[in-house]
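Read through the structure below, which is laid out as structure tokens, and then see the notes.
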Amino acid sequence: MARAAVLGGLSWRVATLVAFRDENAAVRTLVFSIPGWPGHEAGQHVDVRLTAPDGYSTQRSYSIASAVDGDLVELTIEKLPDGEVSPYLSHVLTIGDRIEIRGPIGGWFVWEPSVQSPVLLVGGGSGVVPLMSMVRTRTRAGSRVPFRLLYSVRDPDAVLYGAELAALQHDDPSIEVHYAFTRVAPAAATRPSGRIDAAFLAEFGFAAVLAPAVFVCGSSGFVETVADLLVALGHDAGRVKTERFGPTGTR
Amino acid sequence: MAGIVSPGFFGRRREPGPPLPPGQYLERGFPVLSAGPTPRVNLDTWEFRIVNESGDKRAWDWAQFRALPAADITVDLHCVTKWSKLATAWRGVSLDTLLDGIETRAEYALALSYGGYTTNLPLSALVDGKAWLAFAYDGADLTPEHGGPVRLLVPHLYLWKSAKWVRGIDLRLREERGFWEQLGYHNDGDPWLEQRYSAD
């Protein structure tokens, strides 16, 4: 589906904001209605184009957070302090406003419900967004493929989709969510704060012998570290798919 | 698509400077993008080889490669994910040097990388001072994250054509699509024509 959509051409479509939800003070989920949306696979992204009144325009890419739902597409946008586009999308755009979107884009970092291998998702910060599309696509498909989401996040206030993930876990023992709070763990947490390391991956991830499909998404440093650890734990590098974004270094 | 304007949007206008390809924005950092774990390549076993359409092979080990004449290269980079980075400083060996003396009627090339990545280019995109095998960036050895020990550098095309961890180039009479080209990205990838996706 996705490839056919891409090969058929990716035209810019008008996207109208029909709802939004604040995930926390800095992160908002935007729900767009995009007439003619061809559907997408879990993990794909879109290009967004904003045009100022004088004709200046700029583009950015954002992961899709939602499962396929007719012409509705959800993007979860983190307001970057020095961002050109994210402050506008996350804190200025209002219901009824229109922007341009094209997609879906990307045919590699995708999960399809027909694949039966267990799925290990490892997200850092807002890197959880395309992974959430996979979780929601699994739910929507009625799949019981074993899923484990390992979610590295600064502190409890920074967690995205926390209530939804808790409800899913409660209802379905074949999906597990394990948090690594990097700065401040909640009072009730069984583990102290700390980053995802080899011991964390070994304890909460699927063992390499189970040949899970692995998706790692987050900042470049996070992805580099986690992917290296997974390979060292015996996971086949060919089954570890990565997507990187967020702040970047100078080299 | 005219008429979709965001009234409250101003954007970050650039200082006067060289123009960017359409749809690109200026990046000061150096983002990393790759589809999987970073391959760790051992210089003791590193090899770069060019194979022509007849199967004739020419190969260089690390010492032989580093003995080739190298040049300092300052070029602008354009990534299909929208960022551009200007005046990046590399050191590398021109593909003209590596291709010199290789007999071929091929018009197509497929670059192959450690880790399994591939990308296809017309051979014409690699010759006449337009492409290098880069082994240093900003005065230091090229780091694994950015494709070290050696990456292809084809700055006139989107950066996915500049294969990281490159280990060889196959010269082909017929075109074979590479990794992203098979997944819906444009076959040619010229940033000035904004050839991002297959039907652009």
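Here's how to read the names in the structure tokens: chain A, B, ... by the order shown, residue numbers from 1 in each chain, ligand numbers from 1 in the order shown.
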If you run DSSP on the backbone here, which positions in segment 1-59 of chain A get strand (DSSP E or B)? Please write them as an MDAnalysis selection string.
chainID A and resid 13:24 27:33 42 45:51 57:59
Could you produce a table of the residues of chain B lying within 8 Å of chain A, with the nearest pair of atoms per residue and their separation in Å rounded to one decimal, using only C-alpha atoms, ordered by chain and increasing residue number, as a Markdown table?
```
| residue | atom | partner | partner_atom | distance |
| --- | --- | --- | --- | --- |
| B:Met1 | CA | A:Trp12 | CA | 7.1 |
| B:Ile4 | CA | A:Ile99 | CA | 6.2 |
| B:Val5 | CA | A:Thr51 | CA | 5.1 |
| B:Ser6 | CA | A:Ala52 | CA | 5.5 |
| B:Pro7 | CA | A:Pro53 | CA | 5.9 |
| B:Gly8 | CA | A:Val92 | CA | 7.5 |
| B:Phe9 | CA | A:Ala52 | CA | 5.2 |
| B:Phe10 | CA | A:Ala52 | CA | 5.4 |
| B:Gly11 | CA | A:Glu84 | CA | 5.8 |
| B:Arg12 | CA | A:Glu84 | CA | 5.9 |
| B:Gly23 | CA | A:Gln59 | CA | 5.8 |
| B:Gln24 | CA | A:Gln59 | CA | 7.1 |
| B:Tyr25 | CA | A:Thr58 | CA | 7.2 |
| B:Arg28 | CA | A:Thr250 | CA | 6.9 |
| B:Gly29 | CA | A:Thr250 | CA | 4.1 |
| B:Phe30 | CA | A:Arg251 | CA | 5.2 |
| B:Pro31 | CA | A:Thr248 | CA | 5.3 |
| B:Val32 | CA | A:Ser220 | CA | 6.3 |
| B:Leu33 | CA | A:Arg244 | CA | 6.0 |
| B:Ser34 | CA | A:Thr242 | CA | 6.8 |
| B:Ala35 | CA | A:Thr242 | CA | 5.1 |
| B:Gly36 | CA | A:Lys241 | CA | 4.7 |
| B:Pro37 | CA | A:Ala227 | CA | 5.1 |
| B:Thr38 | CA | A:Glu224 | CA | 7.2 |
| B:Thr81 | CA | A:Ser61 | CA | 6.7 |
| B:Lys82 | CA | A:Arg60 | CA | 6.5 |
| B:Gly115 | CA | A:Ala237 | CA | 7.9 |
| B:Glu145 | CA | A:Glu224 | CA | 7.9 |
| B:Leu183 | CA | A:Gly107 | CA | 5.3 |
| B:Gly184 | CA | A:Val6 | CA | 5.6 |
| B:Tyr197 | CA | A:Val6 | CA | 7.2 |
| B:Ser198 | CA | A:Leu7 | CA | 5.8 |
| B:Ala199 | CA | A:Gly9 | CA | 4.6 |
| B:Asp200 | CA | A:Gly9 | CA | 6.8 |
```
Helix (DSSP H, G or I) call set, DSSP backbone run, segment 31-204 of chain A, as a PyMOL selection string
chain A and resi 86-91+125-141+156-158+162-171+198-204
Go ahead and save the picked residues with C-alpha atoms, as a CSV table (one decimal), in the first residue's frame.
```csv
chain,number,residue,atom,x,y,z
A,86,SER,CA,7.5,23.2,15.7
A,87,PRO,CA,6.6,26.3,17.9
A,88,TYR,CA,4.0,27.4,15.3
A,89,LEU,CA,2.5,23.9,14.8
A,90,SER,CA,2.4,23.1,18.5
A,91,HIS,CA,1.3,26.4,20.0
A,125,GLY,CA,11.9,10.9,24.3
A,126,SER,CA,9.8,11.9,21.3
A,127,GLY,CA,11.2,9.0,19.5
A,128,VAL,CA,8.3,7.1,20.9
A,129,VAL,CA,6.0,8.7,18.3
A,130,PRO,CA,6.4,6.4,15.3
A,131,LEU,CA,6.5,3.5,17.8
A,132,MET,CA,3.1,4.5,19.1
A,133,SER,CA,1.8,4.3,15.6
A,134,MET,CA,3.0,0.7,15.6
A,135,VAL,CA,1.3,0.0,18.9
A,136,ARG,CA,-2.0,1.6,17.8
A,137,THR,CA,-1.8,-0.2,14.4
A,138,ARG,CA,-1.4,-3.5,16.3
A,139,THR,CA,-4.5,-2.7,18.5
A,140,ARG,CA,-6.5,-1.6,15.5
A,141,ALA,CA,-5.7,-4.8,13.7
A,156,PRO,CA,7.2,11.1,34.5
A,157,ASP,CA,5.9,14.5,33.3
A,158,ALA,CA,7.6,14.0,30.0
A,162,GLY,CA,1.2,7.3,29.4
A,163,ALA,CA,-2.5,6.7,30.2
A,164,GLU,CA,-3.2,5.0,26.8
A,165,LEU,CA,-0.2,2.7,27.3
A,166,ALA,CA,-1.2,1.8,30.8
A,167,ALA,CA,-4.7,0.9,29.6
A,168,LEU,CA,-3.3,-1.3,26.8
A,169,GLN,CA,-1.0,-3.1,29.2
A,170,HIS,CA,-3.9,-3.6,31.6
A,171,ASP,CA,-6.1,-5.2,28.9
A,198,ALA,CA,22.7,-3.7,28.3
A,199,ALA,CA,21.2,-5.0,31.6
A,200,PHE,CA,17.9,-3.2,30.9
A,201,LEU,CA,17.7,-4.5,27.4
A,202,ALA,CA,18.6,-8.0,28.5
A,203,GLU,CA,16.0,-8.0,31.3
A,204,PHE,CA,13.0,-6.3,29.5
```
From B:Glu53, B:Glu175, B:Asp190, B:Asp138, residue lying nearest Val154 of chain B [only C-alpha atoms]:
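Of B:Glu53, B:Glu175, B:Asp190, B:Asp138, the one nearest Val154 of chain B, counting only C-alpha atoms, is B:Asp190.
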Could you name the residues that touch Ile169 of chain B at 7 Å or less, counting only C-alpha atoms, but leaving out those on the same chain fewer than 6 positions away, as a PDB file with C-alpha atoms, in the first residue's frame?
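See out16.pdb below for the written result:
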```pdb
ATOM      1  CA  ARG B  49      36.834  -2.624  -4.977  1.00  0.00           C
ATOM      2  CA  ILE B  50      35.443  -1.661  -8.339  1.00  0.00           C
ATOM      3  CA  VAL B  51      33.983  -4.434 -10.490  1.00  0.00           C
ATOM      4  CA  ALA B 109      26.888   2.236 -10.920  1.00  0.00           C
ATOM      5  CA  LEU B 110      25.699   0.559  -7.737  1.00  0.00           C
ATOM      6  CA  ALA B 111      27.542   1.556  -4.587  1.00  0.00           C
ATOM      7  CA  LEU B 112      27.735  -1.174  -1.929  1.00  0.00           C
TER       8      LEU B 112
END
```
Compile the contact shell of segment 142-150 of chain A as a list in words: residues with an atom at most 7 Å away, counting only C-alpha atoms, same-chain residues fewer than 6 positions apart removed.
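Selected residues are Pro113, Gln116, Pro118, Val119, Leu120, Leu121, Val122, Gly123, Ser174, Ile175, Glu176, Val177, His178, Tyr179 and Gly205 of chain A.
With atom CA of Leu152 of chain B on one side and atom CA of Asp96 of chain B on the other, the separation reads 12.8 Å.
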Show me, as a compact mmCIF listing (two decimals) with C-alpha atoms, in the first residue's frame, the residues that have an atom within 8 Å of Asp71 of chain A when counting only C-alpha atoms, minus same-chain residues fewer than 6 positions from it.
```txt
# COMPACT_ATOMS: atom_id res chain seq x y z
CA SER A 33 -8.28 15.79 8.31
CA ILE A 34 -6.61 15.19 4.95
CA PRO A 35 -9.15 14.49 2.19
CA GLY A 36 -7.79 11.83 -0.16
CA TRP A 37 -5.30 10.47 2.37
CA PRO A 38 -4.23 7.08 0.93
CA GLY A 39 -3.52 5.45 4.31
```
Find the residues near segment 66-77 of chain B: any atom within 9 Å, counting only C-alpha atoms, skip ones fewer than 4 places away on the same chain, and give them as a list of chain:residue names.
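Residues near the query, excluding close chain neighbours: B:Asp61, B:Trp62, B:Trp83, B:Ser84, B:Lys85, B:Leu86, B:Ala87, B:Thr88, B:Ala89, B:Trp90, B:Arg91, B:Gly92, B:Val93, B:Ser94, B:Thr97, B:Leu98, B:Trp132, B:Ala134, B:Phe135, B:Val154, B:Pro155, B:His156, B:Leu157, B:Tyr158, B:Leu159.
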Could you take the residues named above and write them with N, CA and C atoms, as an mmCIF file, in the first residue's frame?
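Saved the output as selection.cif:
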```cif
data_model
loop_
_atom_site.group_PDB
_atom_site.id
_atom_site.type_symbol
_atom_site.label_atom_id
_atom_site.label_comp_id
_atom_site.auth_asym_id
_atom_site.auth_seq_id
_atom_site.Cartn_x
_atom_site.Cartn_y
_atom_site.Cartn_z
ATOM 1 N N ASP B 61 43.523 -2.197 -0.629
ATOM 2 C CA ASP B 61 43.419 -2.321 0.824
ATOM 3 C C ASP B 61 43.674 -0.942 1.426
ATOM 4 N N TRP B 62 43.647 -0.848 2.750
ATOM 5 C CA TRP B 62 43.708 0.472 3.378
ATOM 6 C C TRP B 62 44.992 1.219 3.014
ATOM 7 N N TRP B 83 17.430 19.156 5.560
ATOM 8 C CA TRP B 83 18.506 20.031 6.007
ATOM 9 C C TRP B 83 19.613 20.127 4.964
ATOM 10 N N SER B 84 20.209 21.307 4.927
ATOM 11 C CA SER B 84 21.408 21.527 4.130
ATOM 12 C C SER B 84 22.479 22.068 5.047
ATOM 13 N N LYS B 85 23.703 21.702 4.772
ATOM 14 C CA LYS B 85 24.838 22.179 5.565
ATOM 15 C C LYS B 85 25.867 22.688 4.574
ATOM 16 N N LEU B 86 26.297 23.950 4.772
ATOM 17 C CA LEU B 86 27.141 24.591 3.780
ATOM 18 C C LEU B 86 28.614 24.484 4.146
ATOM 19 N N ALA B 87 29.427 24.443 3.114
ATOM 20 C CA ALA B 87 30.885 24.533 3.251
ATOM 21 C C ALA B 87 31.451 23.494 4.211
ATOM 22 N N THR B 88 31.083 22.256 4.017
ATOM 23 C CA THR B 88 31.658 21.182 4.825
ATOM 24 C C THR B 88 33.016 20.782 4.248
ATOM 25 N N ALA B 89 33.956 20.476 5.148
ATOM 26 C CA ALA B 89 35.347 20.247 4.725
ATOM 27 C C ALA B 89 35.707 18.771 4.839
ATOM 28 N N TRP B 90 36.075 18.185 3.741
ATOM 29 C CA TRP B 90 36.399 16.758 3.669
ATOM 30 C C TRP B 90 37.785 16.569 3.075
ATOM 31 N N ARG B 91 38.309 15.369 3.248
ATOM 32 C CA ARG B 91 39.492 14.971 2.493
ATOM 33 C C ARG B 91 39.209 13.583 1.928
ATOM 34 N N GLY B 92 39.558 13.421 0.662
ATOM 35 C CA GLY B 92 39.255 12.144 0.049
ATOM 36 C C GLY B 92 39.937 11.974 -1.298
ATOM 37 N N VAL B 93 39.665 10.823 -1.889
ATOM 38 C CA VAL B 93 40.256 10.450 -3.173
ATOM 39 C C VAL B 93 39.176 10.567 -4.245
ATOM 40 N N SER B 94 39.499 11.249 -5.317
ATOM 41 C CA SER B 94 38.534 11.435 -6.394
ATOM 42 C C SER B 94 38.190 10.086 -7.036
ATOM 43 N N THR B 97 40.292 9.215 -9.981
ATOM 44 C CA THR B 97 41.545 8.497 -9.713
ATOM 45 C C THR B 97 41.299 6.995 -9.644
ATOM 46 N N LEU B 98 40.238 6.609 -8.956
ATOM 47 C CA LEU B 98 39.961 5.178 -8.762
ATOM 48 C C LEU B 98 39.494 4.511 -10.055
ATOM 49 N N TRP B 132 33.862 11.638 -4.582
ATOM 50 C CA TRP B 132 35.089 11.232 -3.892
ATOM 51 C C TRP B 132 34.806 10.063 -2.952
ATOM 52 N N ALA B 134 35.627 9.717 0.693
ATOM 53 C CA ALA B 134 36.104 10.603 1.753
ATOM 54 C C ALA B 134 36.502 9.783 2.971
ATOM 55 N N PHE B 135 37.664 10.146 3.543
ATOM 56 C CA PHE B 135 38.128 9.441 4.743
ATOM 57 C C PHE B 135 38.346 10.388 5.917
ATOM 58 N N VAL B 154 29.100 12.389 -2.828
ATOM 59 C CA VAL B 154 28.579 12.853 -4.124
ATOM 60 C C VAL B 154 27.691 14.061 -3.828
ATOM 61 N N PRO B 155 28.308 15.201 -3.550
ATOM 62 C CA PRO B 155 27.546 16.307 -2.958
ATOM 63 C C PRO B 155 26.530 16.947 -3.896
ATOM 64 N N HIS B 156 26.609 16.672 -5.176
ATOM 65 C CA HIS B 156 25.629 17.303 -6.065
ATOM 66 C C HIS B 156 24.294 16.554 -6.062
ATOM 67 N N LEU B 157 24.229 15.441 -5.332
ATOM 68 C CA LEU B 157 22.969 14.713 -5.188
ATOM 69 C C LEU B 157 22.589 14.671 -3.710
ATOM 70 N N TYR B 158 21.310 14.372 -3.410
ATOM 71 C CA TYR B 158 20.896 14.229 -2.019
ATOM 72 C C TYR B 158 21.829 13.234 -1.316
ATOM 73 N N LEU B 159 21.969 13.438 -0.025
ATOM 74 C CA LEU B 159 23.044 12.772 0.717
ATOM 75 C C LEU B 159 22.882 11.252 0.810
#
```
